[in-house]
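Structure file structure20.cif (mmCIF, C-alpha atoms) is printed below.
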```
data_run
loop_
_atom_site.group_PDB
_atom_site.id
_atom_site.type_symbol
_atom_site.label_atom_id
_atom_site.label_comp_id
_atom_site.auth_asym_id
_atom_site.auth_seq_id
_atom_site.Cartn_x
_atom_site.Cartn_y
_atom_site.Cartn_z
ATOM 1 C CA MET C 1 -10.734 -4.959 9.888
ATOM 2 C CA ASN C 2 -12.024 -7.073 12.780
ATOM 3 C CA ASP C 3 -15.449 -5.750 13.635
ATOM 4 C CA ALA C 4 -18.131 -7.728 15.462
ATOM 5 C CA ASP C 5 -20.897 -5.957 13.517
ATOM 6 C CA HIS C 6 -19.546 -6.032 9.950
ATOM 7 C CA ALA C 7 -17.283 -8.200 7.818
ATOM 8 C CA ILE C 8 -15.851 -8.003 4.326
ATOM 9 C CA ILE C 9 -16.870 -11.161 2.490
ATOM 10 C CA PHE C 10 -15.894 -11.891 -1.105
ATOM 11 C CA ASP C 11 -18.295 -14.697 -1.912
ATOM 12 C CA ILE C 12 -21.215 -16.689 -0.513
ATOM 13 C CA GLN C 13 -21.811 -19.976 -2.306
ATOM 14 C CA GLY C 14 -24.774 -22.253 -1.914
ATOM 15 C CA TYR C 15 -24.892 -25.959 -2.760
ATOM 16 C CA SER C 16 -21.307 -26.692 -1.671
ATOM 17 C CA VAL C 17 -20.725 -30.439 -1.144
ATOM 18 C CA HIS C 18 -16.982 -30.609 -0.429
ATOM 19 C CA ASP C 19 -16.710 -28.516 2.726
ATOM 20 C CA GLY C 20 -18.581 -30.544 5.324
ATOM 21 C CA PRO C 21 -21.525 -32.930 5.566
ATOM 22 C CA GLY C 22 -24.599 -32.480 3.401
ATOM 23 C CA GLY C 23 -25.204 -29.408 1.306
ATOM 24 C CA ARG C 24 -23.489 -26.301 2.648
ATOM 25 C CA THR C 25 -23.546 -22.554 2.408
ATOM 26 C CA LEU C 26 -19.889 -21.576 2.106
ATOM 27 C CA ILE C 27 -18.960 -18.048 3.223
ATOM 28 C CA PHE C 28 -15.606 -16.624 2.116
ATOM 29 C CA PHE C 29 -14.076 -14.063 4.500
ATOM 30 C CA LYS C 30 -11.595 -11.596 3.021
ATOM 31 C CA GLY C 31 -8.070 -11.202 4.387
ATOM 32 C CA CYS C 32 -5.398 -13.807 5.108
ATOM 33 C CA PRO C 33 -2.069 -13.669 6.989
ATOM 34 C CA LEU C 34 -0.588 -16.074 4.438
ATOM 35 C CA SER C 35 0.287 -15.308 0.822
ATOM 36 C CA CYS C 36 0.584 -18.805 -0.617
ATOM 37 C CA ARG C 37 2.117 -18.738 -4.077
ATOM 38 C CA TRP C 38 -0.459 -21.186 -5.462
ATOM 39 C CA CYS C 39 -3.546 -19.727 -3.740
ATOM 40 C CA CYS C 40 -6.737 -20.486 -5.696
ATOM 41 C CA ASN C 41 -8.535 -17.540 -4.065
ATOM 42 C CA PRO C 42 -6.067 -14.657 -4.473
ATOM 43 C CA GLU C 43 -8.941 -12.185 -4.140
ATOM 44 C CA GLY C 44 -9.224 -13.363 -0.530
ATOM 45 C CA ILE C 45 -5.674 -12.473 0.563
ATOM 46 C CA ARG C 46 -5.891 -8.692 0.965
ATOM 47 C CA PRO C 47 -8.392 -7.457 3.566
ATOM 48 C CA GLN C 48 -9.562 -4.537 1.419
ATOM 49 C CA ILE C 49 -12.203 -4.561 -1.304
ATOM 50 C CA GLU C 50 -10.376 -4.895 -4.650
ATOM 51 C CA LEU C 51 -11.095 -4.110 -8.285
ATOM 52 C CA MET C 52 -11.076 -7.012 -10.758
ATOM 53 C CA HIS C 53 -10.832 -6.605 -14.542
ATOM 54 C CA ARG C 54 -11.927 -9.400 -16.883
ATOM 55 C CA LYS C 55 -10.226 -8.866 -20.229
ATOM 56 C CA ALA C 56 -12.412 -11.475 -21.915
ATOM 57 C CA LYS C 57 -15.424 -9.199 -21.433
ATOM 58 C CA CYS C 58 -13.664 -5.889 -22.026
ATOM 59 C CA VAL C 59 -14.550 -4.141 -25.324
ATOM 60 C CA ARG C 60 -11.979 -1.345 -24.681
ATOM 61 C CA CYS C 61 -14.630 1.358 -24.828
ATOM 62 C CA ARG C 62 -12.782 3.611 -22.305
ATOM 63 C CA ASN C 63 -15.939 4.374 -20.360
ATOM 64 C CA CYS C 64 -14.307 3.173 -17.155
ATOM 65 C CA ALA C 65 -11.719 5.975 -17.269
ATOM 66 C CA ALA C 66 -14.434 8.553 -17.810
ATOM 67 C CA HIS C 67 -16.078 7.418 -14.575
ATOM 68 C CA CYS C 68 -12.872 7.363 -12.498
ATOM 69 C CA PRO C 69 -12.566 10.585 -10.429
ATOM 70 C CA GLU C 70 -8.990 9.734 -9.434
ATOM 71 C CA GLY C 71 -7.503 9.466 -12.918
ATOM 72 C CA ALA C 72 -6.223 6.005 -12.004
ATOM 73 C CA ILE C 73 -6.930 4.420 -15.408
ATOM 74 C CA SER C 74 -4.770 4.746 -18.506
ATOM 75 C CA TYR C 75 -4.592 2.614 -21.647
ATOM 76 C CA ASP C 76 -2.137 0.294 -23.330
ATOM 77 C CA GLN C 77 -1.314 1.918 -26.662
ATOM 78 C CA LYS C 78 -0.862 -1.442 -28.398
ATOM 79 C CA THR C 79 -3.798 -3.456 -27.093
ATOM 80 C CA GLY C 80 -6.196 -0.714 -26.029
ATOM 81 C CA PHE C 81 -6.878 -2.462 -22.729
ATOM 82 C CA PRO C 82 -7.140 -0.285 -19.619
ATOM 83 C CA ILE C 83 -4.198 -0.118 -17.223
ATOM 84 C CA PHE C 84 -5.153 0.326 -13.571
ATOM 85 C CA ASN C 85 -3.088 2.064 -10.940
ATOM 86 C CA ARG C 86 -3.698 -0.698 -8.415
ATOM 87 C CA LYS C 87 -2.523 1.316 -5.429
ATOM 88 C CA GLN C 88 -5.117 3.976 -6.144
ATOM 89 C CA CYS C 89 -7.813 1.474 -7.146
ATOM 90 C CA ASN C 90 -7.414 -0.632 -4.015
ATOM 91 C CA ALA C 91 -7.636 2.492 -1.851
ATOM 92 C CA CYS C 92 -10.818 3.617 -3.613
ATOM 93 C CA ALA C 93 -14.054 3.244 -1.673
ATOM 94 C CA ALA C 94 -16.511 3.925 -4.495
ATOM 95 C CA HIS C 95 -15.058 2.081 -7.526
ATOM 96 C CA SER C 96 -17.135 4.353 -9.736
ATOM 97 C CA CYS C 97 -15.443 2.947 -12.826
ATOM 98 C CA ARG C 98 -17.748 -0.073 -12.628
ATOM 99 C CA HIS C 99 -20.756 2.113 -13.386
ATOM 100 C CA GLY C 100 -19.278 3.029 -16.754
ATOM 101 C CA CYS C 101 -18.689 -0.589 -17.768
ATOM 102 C CA TYR C 102 -21.741 -1.966 -19.527
ATOM 103 C CA HIS C 103 -20.150 -5.322 -20.404
ATOM 104 C CA GLN C 104 -19.442 -6.634 -16.886
ATOM 105 C CA ALA C 105 -15.701 -6.479 -17.388
ATOM 106 C CA LEU C 106 -15.232 -4.722 -14.045
ATOM 107 C CA ALA C 107 -16.196 -6.143 -10.664
ATOM 108 C CA VAL C 108 -15.079 -5.855 -7.072
ATOM 109 C CA ALA C 109 -13.885 -8.642 -4.797
ATOM 110 C CA GLY C 110 -15.423 -8.051 -1.413
ATOM 111 C CA LYS C 111 -18.551 -6.552 0.073
ATOM 112 C CA LYS C 112 -19.286 -5.346 3.584
ATOM 113 C CA TYR C 113 -21.993 -7.429 5.253
ATOM 114 C CA THR C 114 -23.901 -7.056 8.501
ATOM 115 C CA LEU C 115 -24.833 -10.090 10.575
ATOM 116 C CA ALA C 116 -28.475 -9.723 9.534
ATOM 117 C CA GLU C 117 -27.513 -9.767 5.847
ATOM 118 C CA VAL C 118 -25.438 -12.936 6.247
ATOM 119 C CA LEU C 119 -28.188 -14.677 8.200
ATOM 120 C CA ARG C 120 -30.691 -13.843 5.459
ATOM 121 C CA LYS C 121 -28.411 -15.583 2.951
ATOM 122 C CA ILE C 122 -28.171 -18.602 5.244
ATOM 123 C CA GLU C 123 -31.930 -18.811 5.723
ATOM 124 C CA ARG C 124 -32.389 -18.541 1.950
ATOM 125 C CA ASP C 125 -30.242 -21.644 1.404
ATOM 126 C CA ARG C 126 -31.354 -23.681 4.409
ATOM 127 C CA PRO C 127 -34.257 -25.514 2.708
ATOM 128 C CA TYR C 128 -31.830 -26.961 0.134
ATOM 129 C CA TRP C 129 -29.118 -28.380 2.413
ATOM 130 C CA GLY C 130 -30.666 -31.736 3.216
ATOM 131 C CA GLY C 131 -30.766 -33.256 6.675
ATOM 132 C CA GLU C 132 -27.025 -33.064 7.366
ATOM 133 C CA GLY C 133 -26.130 -29.714 5.804
ATOM 134 C CA GLY C 134 -25.078 -26.438 7.325
ATOM 135 C CA VAL C 135 -22.706 -23.481 7.099
ATOM 136 C CA THR C 136 -18.954 -23.440 6.484
ATOM 137 C CA LEU C 137 -16.844 -20.322 7.010
ATOM 138 C CA GLY C 138 -13.690 -20.093 4.895
ATOM 139 C CA GLY C 139 -11.663 -17.503 3.059
ATOM 140 C CA GLY C 140 -9.147 -16.030 2.839
ATOM 141 C CA GLU C 141 -8.858 -16.763 6.515
ATOM 142 C CA VAL C 142 -11.967 -16.751 8.671
ATOM 143 C CA MET C 143 -9.929 -15.918 11.775
ATOM 144 C CA ALA C 144 -8.859 -12.602 10.246
ATOM 145 C CA GLN C 145 -12.383 -11.398 11.126
ATOM 146 C CA TYR C 146 -12.988 -13.708 14.069
ATOM 147 C CA LYS C 147 -15.280 -11.367 16.034
ATOM 148 C CA PHE C 148 -17.847 -11.335 13.249
ATOM 149 C CA ALA C 149 -17.286 -15.037 12.555
ATOM 150 C CA ALA C 150 -18.092 -15.809 16.194
ATOM 151 C CA GLN C 151 -21.375 -13.920 15.824
ATOM 152 C CA VAL C 152 -22.315 -15.921 12.723
ATOM 153 C CA LEU C 153 -21.365 -19.244 14.298
ATOM 154 C CA LYS C 154 -23.235 -18.508 17.517
ATOM 155 C CA ALA C 155 -26.343 -17.497 15.581
ATOM 156 C CA CYS C 156 -26.133 -20.733 13.602
ATOM 157 C CA HIS C 157 -25.837 -22.784 16.765
ATOM 158 C CA ASP C 158 -28.806 -20.976 18.257
ATOM 159 C CA MET C 159 -30.761 -22.038 15.137
ATOM 160 C CA CYS C 160 -29.470 -25.649 15.383
ATOM 161 C CA ILE C 161 -27.418 -25.269 12.187
ATOM 162 C CA HIS C 162 -24.305 -27.419 11.760
ATOM 163 C CA THR C 163 -21.143 -25.287 11.542
ATOM 164 C CA ALA C 164 -17.676 -25.765 10.109
ATOM 165 C CA ILE C 165 -14.609 -23.593 9.561
ATOM 166 C CA GLU C 166 -11.652 -23.800 7.199
ATOM 167 C CA THR C 167 -8.506 -22.268 8.657
ATOM 168 C CA SER C 168 -4.800 -21.896 7.981
ATOM 169 C CA GLY C 169 -4.163 -22.132 11.710
ATOM 170 C CA CYS C 170 -2.387 -18.772 11.687
ATOM 171 C CA ALA C 171 -4.135 -16.692 14.347
ATOM 172 C CA ALA C 172 -3.879 -15.944 18.047
ATOM 173 C CA TRP C 173 -5.131 -18.852 20.145
ATOM 174 C CA GLU C 174 -7.417 -16.466 22.049
ATOM 175 C CA HIS C 175 -9.232 -15.826 18.782
ATOM 176 C CA TYR C 176 -9.902 -19.529 18.320
ATOM 177 C CA GLU C 177 -11.198 -19.702 21.864
ATOM 178 C CA ALA C 178 -13.824 -17.104 20.933
ATOM 179 C CA ILE C 179 -15.324 -19.284 18.188
ATOM 180 C CA LEU C 180 -14.708 -22.898 19.252
ATOM 181 C CA PRO C 181 -17.834 -23.157 21.436
ATOM 182 C CA TYR C 182 -19.895 -22.775 18.250
ATOM 183 C CA VAL C 183 -17.902 -24.991 15.861
ATOM 184 C CA ASP C 184 -18.881 -28.574 14.971
ATOM 185 C CA TRP C 185 -16.218 -29.280 12.361
ATOM 186 C CA ILE C 186 -12.729 -27.941 11.649
ATOM 187 C CA PHE C 187 -10.706 -28.236 8.447
ATOM 188 C CA ALA C 188 -7.187 -27.024 9.278
ATOM 189 C CA ASP C 189 -4.269 -26.663 6.870
ATOM 190 C CA LEU C 190 -0.731 -27.870 7.427
ATOM 191 C CA LYS C 191 1.251 -26.752 4.417
ATOM 192 C CA HIS C 192 4.795 -27.773 5.359
ATOM 193 C CA MET C 193 6.543 -29.101 8.460
ATOM 194 C CA ASP C 194 9.720 -27.064 7.901
ATOM 195 C CA SER C 195 9.224 -23.476 9.042
ATOM 196 C CA LEU C 196 11.785 -21.918 6.677
ATOM 197 C CA LYS C 197 10.263 -23.666 3.674
ATOM 198 C CA HIS C 198 6.815 -22.700 4.891
ATOM 199 C CA LYS C 199 7.830 -19.051 5.119
ATOM 200 C CA GLU C 200 9.488 -19.089 1.693
ATOM 201 C CA PHE C 201 6.299 -20.207 -0.043
ATOM 202 C CA THR C 202 3.574 -18.686 2.152
ATOM 203 C CA GLY C 203 5.192 -15.600 3.680
ATOM 204 C CA VAL C 204 4.986 -16.821 7.299
ATOM 205 C CA GLY C 205 6.648 -19.474 9.429
ATOM 206 C CA ASN C 206 4.684 -22.395 10.849
ATOM 207 C CA GLU C 207 5.422 -22.171 14.584
ATOM 208 C CA ARG C 208 2.093 -20.594 15.527
ATOM 209 C CA ILE C 209 0.251 -22.892 13.132
ATOM 210 C CA LYS C 210 1.697 -26.052 14.644
ATOM 211 C CA SER C 211 1.041 -24.779 18.155
ATOM 212 C CA ASN C 212 -2.605 -24.094 17.317
ATOM 213 C CA LEU C 213 -3.033 -27.445 15.571
ATOM 214 C CA ALA C 214 -1.673 -29.200 18.634
ATOM 215 C CA ARG C 215 -4.184 -27.367 20.828
ATOM 216 C CA LEU C 216 -7.031 -28.051 18.418
ATOM 217 C CA GLY C 217 -6.094 -31.723 18.342
ATOM 218 C CA ALA C 218 -6.199 -31.896 22.130
ATOM 219 C CA ASN C 219 -9.695 -30.373 22.389
ATOM 220 C CA GLN C 220 -11.827 -32.461 20.036
ATOM 221 C CA ALA C 221 -14.610 -33.352 22.456
ATOM 222 C CA HIS C 222 -17.105 -31.054 20.743
ATOM 223 C CA TYR C 223 -15.900 -30.930 17.127
ATOM 224 C CA ARG C 224 -14.464 -33.151 14.430
ATOM 225 C CA MET C 225 -11.125 -32.115 12.998
ATOM 226 C CA ILE C 226 -9.607 -33.010 9.634
ATOM 227 C CA LEU C 227 -6.147 -31.842 8.658
ATOM 228 C CA ARG C 228 -5.656 -30.703 5.077
ATOM 229 C CA ILE C 229 -2.472 -30.620 3.038
ATOM 230 C CA PRO C 230 -2.632 -28.999 -0.405
ATOM 231 C CA VAL C 231 -0.080 -31.108 -2.259
ATOM 232 C CA ILE C 232 2.030 -28.624 -4.208
ATOM 233 C CA PRO C 233 4.665 -30.003 -6.622
ATOM 234 C CA GLY C 234 8.134 -28.793 -5.725
ATOM 235 C CA PHE C 235 7.051 -27.552 -2.312
ATOM 236 C CA ASN C 236 5.664 -30.157 0.045
ATOM 237 C CA ASP C 237 5.181 -33.298 -2.079
ATOM 238 C CA THR C 238 8.131 -35.262 -0.656
ATOM 239 C CA LYS C 239 7.920 -38.463 1.349
ATOM 240 C CA GLU C 240 10.033 -36.815 4.050
ATOM 241 C CA ASN C 241 7.538 -33.995 4.553
ATOM 242 C CA MET C 242 4.589 -36.374 4.615
ATOM 243 C CA GLU C 243 6.367 -38.665 7.098
ATOM 244 C CA ALA C 244 6.973 -35.673 9.363
ATOM 245 C CA SER C 245 3.339 -34.586 8.971
ATOM 246 C CA ALA C 246 2.113 -38.054 9.935
ATOM 247 C CA GLU C 247 4.318 -38.091 13.029
ATOM 248 C CA PHE C 248 2.992 -34.661 14.001
ATOM 249 C CA MET C 249 -0.558 -35.980 13.708
ATOM 250 C CA LEU C 250 0.149 -39.024 15.863
ATOM 251 C CA LYS C 251 1.783 -36.868 18.512
ATOM 252 C CA ASN C 252 -1.164 -34.471 18.661
ATOM 253 C CA ASN C 253 -4.205 -36.748 18.512
ATOM 254 C CA ILE C 254 -5.137 -35.811 14.929
ATOM 255 C CA ARG C 255 -6.421 -38.934 13.201
ATOM 256 C CA GLU C 256 -7.770 -37.743 9.829
ATOM 257 C CA ILE C 257 -6.124 -35.964 6.914
ATOM 258 C CA ASN C 258 -7.198 -34.877 3.449
ATOM 259 C CA LEU C 259 -4.554 -34.572 0.710
ATOM 260 C CA LEU C 260 -5.752 -31.979 -1.796
ATOM 261 C CA PRO C 261 -4.182 -32.253 -5.270
ATOM 262 C CA PHE C 262 -2.820 -29.056 -6.789
ATOM 263 C CA HIS C 263 -4.963 -27.411 -9.468
ATOM 264 C CA ARG C 264 -4.910 -24.154 -11.447
ATOM 265 C CA LEU C 265 -8.623 -23.292 -11.216
ATOM 266 C CA GLY C 266 -7.925 -19.849 -9.779
ATOM 267 C CA ALA C 267 -5.304 -18.840 -12.350
ATOM 268 C CA SER C 268 -7.489 -16.351 -14.248
ATOM 269 C CA LYS C 269 -8.175 -14.360 -11.085
ATOM 270 C CA TYR C 270 -4.521 -13.345 -10.794
ATOM 271 C CA ASP C 271 -4.706 -11.522 -14.110
ATOM 272 C CA GLN C 272 -7.980 -9.898 -13.063
ATOM 273 C CA LEU C 273 -6.238 -8.540 -9.965
ATOM 274 C CA GLY C 274 -3.139 -7.437 -11.876
ATOM 275 C CA LEU C 275 -1.008 -10.126 -10.196
ATOM 276 C CA GLN C 276 1.479 -12.638 -11.529
ATOM 277 C CA TYR C 277 0.527 -16.317 -11.250
ATOM 278 C CA ARG C 278 3.691 -18.307 -10.573
ATOM 279 C CA TYR C 279 2.180 -21.746 -11.092
ATOM 280 C CA ALA C 280 0.911 -21.395 -14.662
ATOM 281 C CA ASP C 281 3.279 -24.094 -15.930
ATOM 282 C CA VAL C 282 3.144 -26.429 -12.928
ATOM 283 C CA LYS C 283 1.379 -29.726 -13.552
ATOM 284 C CA ALA C 284 -0.707 -31.592 -11.014
ATOM 285 C CA MET C 285 0.666 -34.805 -9.555
ATOM 286 C CA GLU C 286 -0.211 -38.154 -11.062
ATOM 287 C CA ALA C 287 -2.799 -40.184 -9.170
ATOM 288 C CA ALA C 288 -0.270 -42.922 -8.483
ATOM 289 C CA ASP C 289 2.112 -40.434 -6.836
ATOM 290 C CA LEU C 290 -0.678 -39.119 -4.618
ATOM 291 C CA GLU C 291 -1.555 -42.667 -3.614
ATOM 292 C CA THR C 292 2.079 -43.247 -2.639
ATOM 293 C CA LEU C 293 1.873 -40.262 -0.278
ATOM 294 C CA GLN C 294 -1.499 -41.448 0.989
ATOM 295 C CA ASN C 295 -0.009 -44.803 1.949
ATOM 296 C CA ILE C 296 2.448 -43.069 4.287
ATOM 297 C CA PHE C 297 -0.470 -42.022 6.483
ATOM 298 C CA LEU C 298 -2.450 -45.226 6.066
ATOM 299 C CA GLN C 299 0.519 -47.347 7.157
ATOM 300 C CA LYS C 300 0.635 -45.402 10.417
ATOM 301 C CA GLY C 301 -3.014 -46.131 11.144
ATOM 302 C CA LEU C 302 -4.269 -42.680 10.117
ATOM 303 C CA SER C 303 -7.296 -42.043 7.933
ATOM 304 C CA CYS C 304 -6.146 -40.321 4.734
ATOM 305 C CA TYR C 305 -8.472 -39.138 1.972
ATOM 306 C CA LEU C 306 -7.584 -37.899 -1.506
ATOM 307 C CA GLY C 307 -9.333 -34.897 -3.008
ATOM 308 C CA SER C 308 -13.090 -35.059 -2.600
ATOM 309 C CA GLU C 309 -13.075 -38.539 -1.065
ATOM 310 C CA THR C 310 -13.529 -37.268 2.500
ATOM 311 C CA PRO C 311 -16.406 -39.253 4.066
ATOM 312 C CA PHE C 312 -18.895 -36.821 5.566
#
```

Starting from the file, lay out its structure as structure tokens.
Amino acid sequence: MNDADHAIIFDIQGYSVHDGPGGRTLIFFKGCPLSCRWCCNPEGIRPQIELMHRKAKCVRCRNCAAHCPEGAISYDQKTGFPIFNRKQCNACAAHSCRHGCYHQALAVAGKKYTLAEVLRKIERDRPYWGGEGGVTLGGGEVMAQYKFAAQVLKACHDMCIHTAIETSGCAAWEHYEAILPYVDWIFADLKHMDSLKHKEFTGVGNERIKSNLARLGANQAHYRMILRIPVIPGFNDTKENMEASAEFMLKNNIREINLLPFHRLGASKYDQLGLQYRYADVKAMEAADLETLQNIFLQKGLSCYLGSETPF
């Protein structure tokens, strides 16, 4: 889906303080070209609206199956929990099963919004941002629905609202050109410098990403750009990868980077989506190890922030 008039959005959060200056309204667009193994928003990867089942709230009453016209729900004979035919459920437009669940165990990830509906949400939050706040578009991947994103960003600029985007960098450059006139701040990911390793862990190579980052770095007259690296143990946490990342930044006029420590905050959502979470037993890096990686960038004259330390 890439419609200028509608978008599928899976969350709109007010009072965000880690995604740009001041208080922010953070809008999560659904759909992403990457499938990162550690993703903390797995409900944002697929472009379609998806069913989510929260076992902690499920009383195994079987009402959901009675409301499913497709017969897509069966039951585990040992536990009594419902079993969902995910192929059928993800293709379902109505998700009628939710109406039979009186304990909020069933929900959907994603809702179709018009521009007017999104702007009403923004106006609702605006009084609480503070003087430096604004709107940040993330995901998923905001560029997966860039036509609608451009409409939101332009409307914000017309209302003198500060704008930011969070992007994986994996989109056609022409799509970035459509939104850049209305962007004040860019957070762009660089997950690994080696394309084969990048593809192994995210599903895509990094050639397009690096090309776009180079172009974004060369056009910073009207926006501020901060690179982000989610530091994933066993994937990109080596000195060699960070050295290569720092050299890439120097070559392409990118002066700021944010190292984001790995966490498992999105783990429960994998089970709700019927997916396997591969990082359940992976531990976050020690602070001292992160500081060692940070020093690689600092020693090259680059600004490097850890976690939420980014100065807005």

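All residues of protein, DNA or RNA that reach within 12 Å of Asp289 (chain C), judged by only C-alpha atoms and not counting those fewer than 5 positions away in the chain, are Val231, Pro233, Asp237, Thr238, Lys239, Leu259, Pro261, Ala284, Gln294, Asn295, Ile296 and Leu306 of chain C.
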
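Counting only C-alpha atoms, the residue from C:Leu26, C:Ala116, C:Cys40, C:Val282 that sits nearest to Gly14 (chain C) is C:Leu26.
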
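What the PyMOL selection byres ((chain C and resi 143) around 8) picks from this file is Glu141, Val142, Ala144, Gln145, Tyr146, Ala149, Thr167, Ala171, His175 and Tyr176 of chain C.
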
### Query
For the file shown, what are the residues hit by the PyMOL selection byres ((chain C and resi 311) around 12), laid out as a PyMOL selection string?
chain C and resi 17-22+226+256-258+303-310+312

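For His103 (chain C), the set of protein, DNA and RNA residues having any atom at most 12 Å away, when counting all atoms listed in the file and skipping those fewer than 3 positions along the same chain, is His53, Arg54, Lys55, Ala56, Lys57, Cys58, Val59, Arg60, Cys61, Arg62, Asn63, Cys64, Arg98, His99, Gly100, Leu106 and Ala107 of chain C.
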
### Task
Quick one: everything within 12 Å of Arg24 (chain C), counting all atoms listed in the file, minus sequence neighbours fewer than 4 positions away in the same chain. Send it as a PyMOL selection string.
chain C and resi 12-20+121-138+161-165+312

Selection file, C-alpha atoms, as a short mmCIF file (atom, residue, chain, number, x, y, z; two decimals), in the coordinates of the input:
```cif
data_model
loop_
_atom_site.label_atom_id
_atom_site.label_comp_id
_atom_site.auth_asym_id
_atom_site.auth_seq_id
_atom_site.Cartn_x
_atom_site.Cartn_y
_atom_site.Cartn_z
CA ILE C 12 -21.22 -16.69 -0.51
CA GLN C 13 -21.81 -19.98 -2.31
CA GLY C 14 -24.77 -22.25 -1.91
CA TYR C 15 -24.89 -25.96 -2.76
CA SER C 16 -21.31 -26.69 -1.67
CA VAL C 17 -20.72 -30.44 -1.14
CA HIS C 18 -16.98 -30.61 -0.43
CA ASP C 19 -16.71 -28.52 2.73
CA GLY C 20 -18.58 -30.54 5.32
CA LYS C 121 -28.41 -15.58 2.95
CA ILE C 122 -28.17 -18.60 5.24
CA GLU C 123 -31.93 -18.81 5.72
CA ARG C 124 -32.39 -18.54 1.95
CA ASP C 125 -30.24 -21.64 1.40
CA ARG C 126 -31.35 -23.68 4.41
CA PRO C 127 -34.26 -25.51 2.71
CA TYR C 128 -31.83 -26.96 0.13
CA TRP C 129 -29.12 -28.38 2.41
CA GLY C 130 -30.67 -31.74 3.22
CA GLY C 131 -30.77 -33.26 6.68
CA GLU C 132 -27.02 -33.06 7.37
CA GLY C 133 -26.13 -29.71 5.80
CA GLY C 134 -25.08 -26.44 7.32
CA VAL C 135 -22.71 -23.48 7.10
CA THR C 136 -18.95 -23.44 6.48
CA LEU C 137 -16.84 -20.32 7.01
CA GLY C 138 -13.69 -20.09 4.89
CA ILE C 161 -27.42 -25.27 12.19
CA HIS C 162 -24.30 -27.42 11.76
CA THR C 163 -21.14 -25.29 11.54
CA ALA C 164 -17.68 -25.76 10.11
CA ILE C 165 -14.61 -23.59 9.56
CA PHE C 312 -18.90 -36.82 5.57
#
```

### Query
Excluding same-chain residues fewer than 4 positions from region 206-222 of chain C, what lies within 10 Å of it counting all atoms listed in the file, as an MDAnalysis selection string?
chainID C and resid 167:173 176:177 180:186 188:199 202 226:227 248:255

### Task
Convert the output of the PyMOL selection byres ((chain C and resi 281) around 12) on the shown file into explicit residues, formatted as a PyMOL selection string.
chain C and resi 38+233+263-264+267+277-280+282-284
